[in-house]
file target-v8.cif (mmCIF, C-alpha atoms and all ligand atoms)
data_input
loop_
_atom_site.label_atom_id
_atom_site.label_comp_id
_atom_site.auth_asym_id
_atom_site.auth_seq_id
_atom_site.Cartn_x
_atom_site.Cartn_y
_atom_site.Cartn_z
CA MET A 151 0.00 0.00 0.00
CA VAL A 152 2.79 2.43 0.90
CA GLU A 153 4.72 1.52 -2.23
CA SER A 154 1.63 2.18 -4.28
CA ALA A 155 1.16 5.59 -2.62
CA LEU A 156 4.81 6.43 -3.28
CA ARG A 157 4.38 5.43 -6.94
CA GLY A 158 1.50 7.91 -7.12
CA ALA A 159 3.60 10.65 -5.54
CA GLY A 160 6.46 9.84 -7.92
CA ASP A 161 4.13 9.98 -10.94
CA ALA A 162 2.97 13.40 -9.75
CA GLY A 163 6.58 14.55 -9.93
CA PHE A 164 7.60 14.33 -6.30
CA GLU A 165 10.83 12.90 -5.01
CA THR A 166 10.06 10.11 -2.54
CA LYS A 167 11.92 8.17 0.13
CA LEU A 168 10.77 4.96 1.83
CA TYR A 169 11.84 3.86 5.31
CA ASN A 170 11.07 0.37 6.60
CA LEU A 171 10.95 0.87 10.36
CA TYR A 172 11.64 -2.82 10.99
CA GLU A 173 15.11 -2.37 9.49
CA LEU A 174 16.01 0.36 11.96
CA ASP A 175 17.33 0.17 15.49
CA TYR A 176 15.63 2.63 17.83
CA LYS A 177 13.47 2.98 20.90
CA GLY A 178 10.44 5.00 21.91
CA CYS A 179 10.56 8.24 23.90
CA SER A 180 12.70 7.91 27.03
CA SER A 181 11.36 11.04 28.79
CA CYS A 182 14.79 12.67 28.66
CA PHE A 183 13.06 16.05 28.12
CA GLY A 184 15.91 17.25 25.87
CA CYS A 185 13.23 18.44 23.44
CA LEU A 186 11.73 20.70 26.12
CA LEU A 187 14.97 22.08 27.56
CA LEU A 188 14.88 25.85 27.12
CA GLY A 189 17.99 27.03 25.28
CA GLY A 190 19.11 23.42 24.85
CA PRO A 191 20.55 22.09 21.58
CA SER A 192 17.49 19.91 20.94
CA HIS A 193 14.64 22.24 21.96
CA GLY A 194 11.73 21.34 19.66
CA ARG A 195 13.52 18.26 18.28
CA CYS A 196 13.93 14.73 19.60
CA ALA A 197 17.22 14.62 21.52
CA MET A 198 17.68 10.85 21.30
CA ARG A 199 20.27 9.80 18.73
CA ASP A 200 19.76 6.51 16.89
CA ASP A 201 18.47 5.17 13.57
CA LEU A 202 15.24 7.13 13.93
CA THR A 203 17.01 10.50 14.01
CA ALA A 204 17.37 10.70 10.22
CA VAL A 205 13.75 9.59 9.76
CA LEU A 206 12.46 12.32 12.08
CA ASP A 207 14.65 14.91 10.33
CA ASP A 208 13.30 13.81 6.93
CA ILE A 209 9.70 13.92 8.16
CA LEU A 210 10.10 17.46 9.42
CA ALA A 211 11.75 18.58 6.17
CA ALA A 212 9.20 16.87 3.87
CA ASP A 213 6.39 18.42 1.84
CA ALA A 214 4.16 15.50 2.88
CA VAL A 215 4.50 12.28 4.85
CA ILE A 216 2.86 8.91 4.30
CA PHE A 217 2.76 6.61 7.33
CA GLY A 218 1.85 2.95 6.92
CA SER A 219 1.19 0.36 9.60
CA PRO A 220 -0.76 -2.84 10.04
CA VAL A 221 -3.18 -2.79 12.97
CA TYR A 222 -1.79 -4.93 15.80
CA PHE A 223 -4.14 -5.52 18.74
CA GLY A 224 -6.13 -2.40 18.03
CA GLY A 225 -3.09 -0.12 17.69
CA VAL A 226 -0.30 0.58 15.24
CA THR A 227 2.85 -1.56 15.46
CA ALA A 228 5.24 -1.00 18.35
CA SER A 229 7.79 0.58 16.00
CA MET A 230 5.24 3.01 14.54
CA ARG A 231 4.09 3.87 18.04
CA ALA A 232 7.71 4.53 19.10
CA LEU A 233 8.15 6.84 16.10
CA CYS A 234 4.92 8.69 16.96
CA GLU A 235 5.98 9.18 20.59
CA ARG A 236 9.20 10.84 19.53
CA LEU A 237 7.74 12.84 16.65
CA TRP A 238 4.78 14.08 18.65
CA TYR A 239 6.39 14.78 22.02
CA ALA A 240 9.26 16.80 20.53
CA GLY A 241 6.72 19.04 18.80
CA LEU A 242 4.79 19.95 21.92
CA ALA A 243 5.42 22.25 24.85
CA TYR A 244 3.49 22.28 28.12
CA ARG A 245 1.82 25.62 27.47
CA GLU A 246 -1.78 26.83 27.56
CA THR A 247 -1.47 28.41 24.11
CA ASP A 248 0.90 28.05 21.15
CA LYS A 249 1.79 24.59 22.37
CA VAL A 250 2.94 23.21 19.02
CA LEU A 251 6.64 23.90 18.45
CA TYR A 252 6.83 22.82 14.80
CA SER A 253 6.75 25.93 12.63
CA ARG A 254 5.06 24.33 9.61
CA ARG A 255 2.02 22.15 8.95
CA ILE A 256 2.85 19.07 6.87
CA PRO A 257 0.14 17.05 5.08
CA VAL A 258 -0.08 13.59 6.65
CA LYS A 259 -1.36 10.47 4.89
CA ILE A 260 -1.98 7.38 6.99
CA ILE A 261 -2.41 3.86 5.63
CA LEU A 262 -3.64 1.14 7.98
CA THR A 263 -4.08 -2.51 7.06
CA THR A 264 -6.36 -4.79 9.07
CA GLY A 265 -7.19 -8.46 9.21
CA ILE A 266 -10.78 -7.67 10.13
CA PRO A 267 -12.71 -7.13 6.90
CA ARG A 268 -14.48 -3.96 8.05
CA GLU A 269 -13.56 -0.34 7.49
CA ASN A 270 -13.22 1.82 10.63
CA PHE A 271 -13.63 -1.20 12.92
CA HIS A 272 -10.82 0.19 15.08
CA THR A 273 -12.63 3.50 15.51
CA ALA A 274 -10.70 4.66 18.58
CA LEU A 275 -7.34 4.11 16.86
CA ASN A 276 -8.39 5.93 13.70
CA GLN A 277 -9.74 8.84 15.73
CA SER A 278 -6.79 9.18 18.08
CA ILE A 279 -4.04 8.90 15.45
CA THR A 280 -5.90 11.34 13.21
CA ASP A 281 -6.51 13.85 16.02
CA THR A 282 -2.95 13.77 17.33
CA MET A 283 -1.29 13.94 13.90
CA ASN A 284 -3.62 16.77 12.97
CA MET A 285 -2.88 18.72 16.14
CA ILE A 286 0.90 18.39 15.98
CA ILE A 287 1.95 17.67 12.38
CA GLY A 288 -0.70 18.64 9.83
CA PRO A 289 -3.97 17.84 8.06
CA VAL A 290 -4.66 14.10 7.88
CA GLU A 291 -6.10 11.74 5.30
CA LEU A 292 -6.46 8.12 6.44
CA ILE A 293 -7.24 5.07 4.34
CA GLU A 294 -7.42 1.40 5.19
CA ALA A 295 -7.01 -1.93 3.45
CA ASN A 296 -9.24 -4.37 5.28
CA GLY A 297 -9.46 -8.14 5.34
CA THR A 298 -5.96 -8.53 3.97
CA TRP A 299 -4.47 -11.79 2.74
CA GLN A 300 -2.26 -13.03 5.57
CA PHE A 301 -0.77 -16.44 4.75
CA ASP A 302 0.74 -17.78 1.56
CA ASP A 303 -1.20 -21.01 2.15
CA TYR A 304 -4.00 -20.94 4.75
CA SER A 305 -4.00 -24.77 5.08
CA LYS A 306 -0.52 -24.66 6.62
CA TYR A 307 -1.45 -22.46 9.58
CA ASP A 308 -3.55 -22.80 12.72
CA ALA A 309 -6.25 -20.46 11.47
CA PRO A 310 -9.37 -22.51 10.69
CA MET A 311 -11.81 -19.65 11.30
CA PHE A 312 -11.05 -17.99 7.98
CA ASN A 313 -13.23 -18.56 4.95
CA VAL A 314 -10.40 -18.84 2.45
CA GLU A 315 -12.70 -18.39 -0.56
CA GLU A 316 -13.97 -15.09 0.87
CA ARG A 317 -10.44 -13.95 1.73
CA MET A 318 -9.29 -14.79 -1.78
CA LYS A 319 -12.15 -12.72 -3.16
CA LEU A 320 -11.08 -9.76 -1.00
CA ARG A 321 -7.49 -10.20 -2.14
CA ASP A 322 -8.39 -10.40 -5.82
CA GLU A 323 -11.23 -7.86 -5.98
CA LEU A 324 -10.98 -5.45 -3.04
CA PHE A 325 -7.22 -5.19 -2.53
CA PRO A 326 -6.47 -3.93 -6.08
CA LYS A 327 -8.99 -1.13 -5.42
CA ASP A 328 -7.26 -0.36 -2.12
CA LEU A 329 -3.93 -0.17 -3.95
CA GLN A 330 -5.49 2.23 -6.43
CA ARG A 331 -6.83 4.39 -3.57
CA ALA A 332 -3.34 4.44 -2.06
CA TYR A 333 -1.91 5.44 -5.45
CA GLU A 334 -4.39 8.32 -5.77
CA MET A 335 -3.68 9.44 -2.23
CA GLY A 336 0.04 9.53 -3.06
CA ARG A 337 -0.59 11.45 -6.27
CA SER A 338 -2.38 14.20 -4.38
CA ALA A 339 -0.22 14.08 -1.27
CA VAL A 340 1.21 17.57 -1.68
CA MET A 341 -1.75 19.89 -2.18
C1 LIG A 401 0.57 -9.27 16.14
C2 LIG A 401 -0.65 -9.09 15.27
C3 LIG A 401 -1.77 -8.47 15.78
C4 LIG A 401 -2.89 -8.22 14.98
N1 LIG A 401 -3.95 -7.55 15.48
C5 LIG A 401 -4.98 -7.22 14.66
C6 LIG A 401 -6.07 -6.42 15.14
O1 LIG A 401 -6.14 -6.01 16.28
N2 LIG A 401 -7.05 -6.11 14.25
C7 LIG A 401 -7.02 -6.53 12.95
O2 LIG A 401 -7.94 -6.19 12.19
N3 LIG A 401 -6.00 -7.28 12.47
C8 LIG A 401 -4.99 -7.63 13.30
N4 LIG A 401 -3.93 -8.35 12.82
C9 LIG A 401 -3.90 -8.67 11.37
C10 LIG A 401 -3.07 -7.63 10.62
O3 LIG A 401 -3.48 -6.31 10.93
C11 LIG A 401 -3.26 -7.80 9.12
O4 LIG A 401 -2.86 -9.09 8.75
C12 LIG A 401 -2.49 -6.76 8.36
O5 LIG A 401 -3.01 -6.69 7.07
C13 LIG A 401 -1.02 -7.10 8.24
O6 LIG A 401 -0.42 -6.08 7.49
P1 LIG A 401 0.51 -6.37 6.27
O7 LIG A 401 -0.28 -7.26 5.35
O8 LIG A 401 0.78 -5.03 5.71
O9 LIG A 401 1.73 -7.04 6.85
C14 LIG A 401 -2.86 -8.66 13.62
C15 LIG A 401 -1.72 -9.34 13.12
C16 LIG A 401 -0.64 -9.57 13.94
C17 LIG A 401 0.57 -10.28 13.37
#

call {"tool": "encode", "arguments": {"input": "target-v8.cif", "output": "structure tokens"}}
result
Amino acid sequence: MVESALRGAGDAGFETKLYNLYELDYKGCSSCFGCLLLGGPSHGRCAMRDDLTAVLDDILAADAVIFGSPVYFGGVTASMRALCERLWYAGLAYRETDKVLYSRRIPVKIILTTGIPRENFHTALNQSITDTMNMIIGPVELIEANGTWQFDDYSKYDAPMFNVEERMKLRDELFPKDLQRAYEMGRSAVM
């Protein structure tokens, strides 16, 4: 889905960069408060230094950002969550007004994939990630691919509850439409 969105952005003339978070070594926010330290070298930026540093720098320099994650137990993956903690916390100050430290709003596109074949089933997740991204980073568009094809061969796995015929239908008929939606979202990412 993310690759499809990036193809769309590329076809619209934008330079794109893809990070696979599972290839990177980093942790979530450690409450070091370096990002809040007045006059400090990292005020308004995550002070932790690891593989995520370049990703956060690229996000904050980008014209638009596309985030993709499968839904794991009603949330995003642990690595996406860790990224969000560090991206979000560094952009916020404990103030009554003007609490967002980032000087620019960046369009945010979010792609979620779910095993459950229903759109917006994880309502609380969709709402909270949209609200927080919108408050701290920029205007959000979220799409989902639901009822995704999980196993190469369903007969090999302990997963008898699935109707494989129905799943196959979703894979062959619905998923190509989801890929197209991701492509279109990428094409219009910077607007
Ligand atoms: C650890 C784990 C937890 C999952 N939890 C959920 C869940 O809460 N809701 C859901 O709809 N699907 C859940 N799934 C299914 C995945 O979201 C689904 O297979 C997704 O499409 C995987 O993304 P991918 O195909 O991009 O790898 C879970 C899968 C795994 C491996």

call {"tool": "residues_near_ligand", "arguments": {"input": "target-v8.cif", "ligand": "ligand LIG 401 (chain A)", "cutoff": "8 Å", "atoms": "only C-alpha atoms and all ligand atoms", "output": "list in words"}}
result
Met151, Ser219, Pro220, Val221, Tyr222, Phe223, Gly224, Gly225, Leu262, Thr263, Thr264, Gly265, Ile266, Pro267, Phe271, His272, Ala295, Asn296, Gly297, Thr298, Trp299 and Gln300 of chain A

call {"tool": "closest_atom_pairs", "arguments": {"input": "target-v8.cif", "of": "range 237-299 of chain A", "to": "range 188-209 of chain A", "cutoff": "10 Å", "atoms": "only C-alpha atoms", "output": "tab-separated table"}}
result
residue	atom	partner	partner_atom	distance
A:Leu237	CA	A:Leu206	CA	6.6
A:Trp238	CA	A:Cys196	CA	9.2
A:Tyr239	CA	A:Cys196	CA	7.9
A:Ala240	CA	A:Arg195	CA	5.0
A:Gly241	CA	A:Gly194	CA	5.6
A:Leu242	CA	A:Gly194	CA	7.4
A:Ala243	CA	A:Gly194	CA	8.2
A:Val250	CA	A:Gly194	CA	9.0
A:Leu251	CA	A:Gly194	CA	5.8
A:Tyr252	CA	A:Gly194	CA	7.1
A:Ser253	CA	A:Gly194	CA	9.8
A:Ile256	CA	A:Ile209	CA	8.7
A:Val258	CA	A:Ile209	CA	9.9
A:Ile287	CA	A:Ile209	CA	9.6

call {"tool": "closest_residue", "arguments": {"input": "target-v8.cif", "among": "A:Glu173, A:Asp248, A:Glu294, A:Glu153", "to": "Asn270 in chain A", "atoms": "only C-alpha atoms"}}
result
A:Glu294

call {"tool": "closest_residue", "arguments": {"input": "target-v8.cif", "among": "A:Val215, A:Leu329, A:Leu187, A:Cys179", "to": "Thr166 in chain A", "atoms": "all atoms listed in the file"}}
result
A:Val215

call {"tool": "residues_near_point", "arguments": {"input": "target-v8.cif", "point": "(0.3, 21.0, 14.4)", "cutoff": "8 Å", "atoms": "only C-alpha atoms", "output": "list in words"}}
result
Val250, Tyr252, Arg254, Arg255, Met283, Asn284, Met285, Ile286, Ile287 and Gly288 of chain A

call {"tool": "residues_around", "arguments": {"input": "target-v8.cif", "residues": "Leu156 in chain A", "least_positions_apart": "5", "cutoff": "10 Å", "atoms": "only C-alpha atoms", "output": "list in words"}}
result
Met151, Asp161, Ala162, Phe164, Glu165, Thr166, Lys167, Leu168, Ile216, Ala332, Tyr333, Glu334, Met335, Gly336, Arg337 and Ala339 of chain A

call {"tool": "closest_residue", "arguments": {"input": "target-v8.cif", "among": "A:Ser338, A:Thr227, A:Ser154, A:Thr273", "to": "Tyr172 in chain A", "atoms": "only C-alpha atoms"}}
result
A:Thr227

call {"tool": "build_atoms", "arguments": {"input": "target-v8.cif", "residues": "range 311-334 of chain A", "atoms": "N, CA and C atoms", "output": "PDB file, in the coordinates of the input"}}
result
ATOM      1  N   MET A 311     -10.596 -20.490  11.312  1.00  0.00           N
ATOM      2  CA  MET A 311     -11.810 -19.650  11.300  1.00  0.00           C
ATOM      3  C   MET A 311     -11.985 -18.873   9.991  1.00  0.00           C
ATOM      4  N   PHE A 312     -10.933 -18.789   9.201  1.00  0.00           N
ATOM      5  CA  PHE A 312     -11.050 -17.990   7.980  1.00  0.00           C
ATOM      6  C   PHE A 312     -11.772 -18.738   6.870  1.00  0.00           C
ATOM      7  N   ASN A 313     -12.637 -18.037   6.183  1.00  0.00           N
ATOM      8  CA  ASN A 313     -13.230 -18.560   4.950  1.00  0.00           C
ATOM      9  C   ASN A 313     -12.282 -18.170   3.811  1.00  0.00           C
ATOM     10  N   VAL A 314     -11.495 -19.146   3.387  1.00  0.00           N
ATOM     11  CA  VAL A 314     -10.400 -18.840   2.450  1.00  0.00           C
ATOM     12  C   VAL A 314     -10.940 -18.310   1.118  1.00  0.00           C
ATOM     13  N   GLU A 315     -12.090 -18.866   0.699  1.00  0.00           N
ATOM     14  CA  GLU A 315     -12.700 -18.390  -0.560  1.00  0.00           C
ATOM     15  C   GLU A 315     -13.008 -16.888  -0.477  1.00  0.00           C
ATOM     16  N   GLU A 316     -13.608 -16.517   0.692  1.00  0.00           N
ATOM     17  CA  GLU A 316     -13.970 -15.090   0.870  1.00  0.00           C
ATOM     18  C   GLU A 316     -12.725 -14.214   0.920  1.00  0.00           C
ATOM     19  N   ARG A 317     -11.706 -14.711   1.634  1.00  0.00           N
ATOM     20  CA  ARG A 317     -10.440 -13.950   1.730  1.00  0.00           C
ATOM     21  C   ARG A 317      -9.823 -13.770   0.337  1.00  0.00           C
ATOM     22  N   MET A 318      -9.881 -14.835  -0.437  1.00  0.00           N
ATOM     23  CA  MET A 318      -9.290 -14.790  -1.780  1.00  0.00           C
ATOM     24  C   MET A 318     -10.016 -13.741  -2.630  1.00  0.00           C
ATOM     25  N   LYS A 319     -11.334 -13.697  -2.423  1.00  0.00           N
ATOM     26  CA  LYS A 319     -12.150 -12.720  -3.160  1.00  0.00           C
ATOM     27  C   LYS A 319     -11.722 -11.288  -2.771  1.00  0.00           C
ATOM     28  N   LEU A 320     -11.523 -11.086  -1.464  1.00  0.00           N
ATOM     29  CA  LEU A 320     -11.080  -9.760  -1.000  1.00  0.00           C
ATOM     30  C   LEU A 320      -9.724  -9.418  -1.600  1.00  0.00           C
ATOM     31  N   ARG A 321      -8.841 -10.426  -1.607  1.00  0.00           N
ATOM     32  CA  ARG A 321      -7.490 -10.200  -2.140  1.00  0.00           C
ATOM     33  C   ARG A 321      -7.538  -9.846  -3.628  1.00  0.00           C
ATOM     34  N   ASP A 322      -8.389 -10.568  -4.368  1.00  0.00           N
ATOM     35  CA  ASP A 322      -8.390 -10.400  -5.820  1.00  0.00           C
ATOM     36  C   ASP A 322      -9.257  -9.242  -6.304  1.00  0.00           C
ATOM     37  N   GLU A 323     -10.308  -8.911  -5.502  1.00  0.00           N
ATOM     38  CA  GLU A 323     -11.230  -7.860  -5.980  1.00  0.00           C
ATOM     39  C   GLU A 323     -11.129  -6.567  -5.189  1.00  0.00           C
ATOM     40  N   LEU A 324     -11.011  -6.682  -3.854  1.00  0.00           N
ATOM     41  CA  LEU A 324     -10.980  -5.450  -3.040  1.00  0.00           C
ATOM     42  C   LEU A 324      -9.569  -4.848  -2.968  1.00  0.00           C
ATOM     43  N   PHE A 325      -8.570  -5.720  -2.755  1.00  0.00           N
ATOM     44  CA  PHE A 325      -7.220  -5.190  -2.530  1.00  0.00           C
ATOM     45  C   PHE A 325      -6.693  -4.370  -3.722  1.00  0.00           C
ATOM     46  N   PRO A 326      -6.923  -4.785  -4.972  1.00  0.00           N
ATOM     47  CA  PRO A 326      -6.470  -3.930  -6.080  1.00  0.00           C
ATOM     48  C   PRO A 326      -7.096  -2.530  -6.032  1.00  0.00           C
ATOM     49  N   LYS A 327      -8.349  -2.453  -5.548  1.00  0.00           N
ATOM     50  CA  LYS A 327      -8.990  -1.130  -5.420  1.00  0.00           C
ATOM     51  C   LYS A 327      -8.327  -0.331  -4.301  1.00  0.00           C
ATOM     52  N   ASP A 328      -7.959  -1.037  -3.216  1.00  0.00           N
ATOM     53  CA  ASP A 328      -7.260  -0.360  -2.120  1.00  0.00           C
ATOM     54  C   ASP A 328      -5.908   0.180  -2.602  1.00  0.00           C
ATOM     55  N   LEU A 329      -5.220  -0.626  -3.406  1.00  0.00           N
ATOM     56  CA  LEU A 329      -3.930  -0.170  -3.950  1.00  0.00           C
ATOM     57  C   LEU A 329      -4.119   1.067  -4.819  1.00  0.00           C
ATOM     58  N   GLN A 330      -5.200   1.084  -5.576  1.00  0.00           N
ATOM     59  CA  GLN A 330      -5.490   2.230  -6.430  1.00  0.00           C
ATOM     60  C   GLN A 330      -5.785   3.472  -5.581  1.00  0.00           C
ATOM     61  N   ARG A 331      -6.532   3.267  -4.481  1.00  0.00           N
ATOM     62  CA  ARG A 331      -6.830   4.390  -3.570  1.00  0.00           C
ATOM     63  C   ARG A 331      -5.541   4.939  -2.963  1.00  0.00           C
ATOM     64  N   ALA A 332      -4.632   4.011  -2.615  1.00  0.00           N
ATOM     65  CA  ALA A 332      -3.340   4.440  -2.060  1.00  0.00           C
ATOM     66  C   ALA A 332      -2.561   5.233  -3.110  1.00  0.00           C
ATOM     67  N   TYR A 333      -2.598   4.749  -4.345  1.00  0.00           N
ATOM     68  CA  TYR A 333      -1.910   5.440  -5.450  1.00  0.00           C
ATOM     69  C   TYR A 333      -2.441   6.873  -5.591  1.00  0.00           C
ATOM     70  N   GLU A 334      -3.769   6.989  -5.610  1.00  0.00           N
ATOM     71  CA  GLU A 334      -4.390   8.320  -5.770  1.00  0.00           C
ATOM     72  C   GLU A 334      -4.042   9.228  -4.590  1.00  0.00           C
TER      73      GLU A 334
END
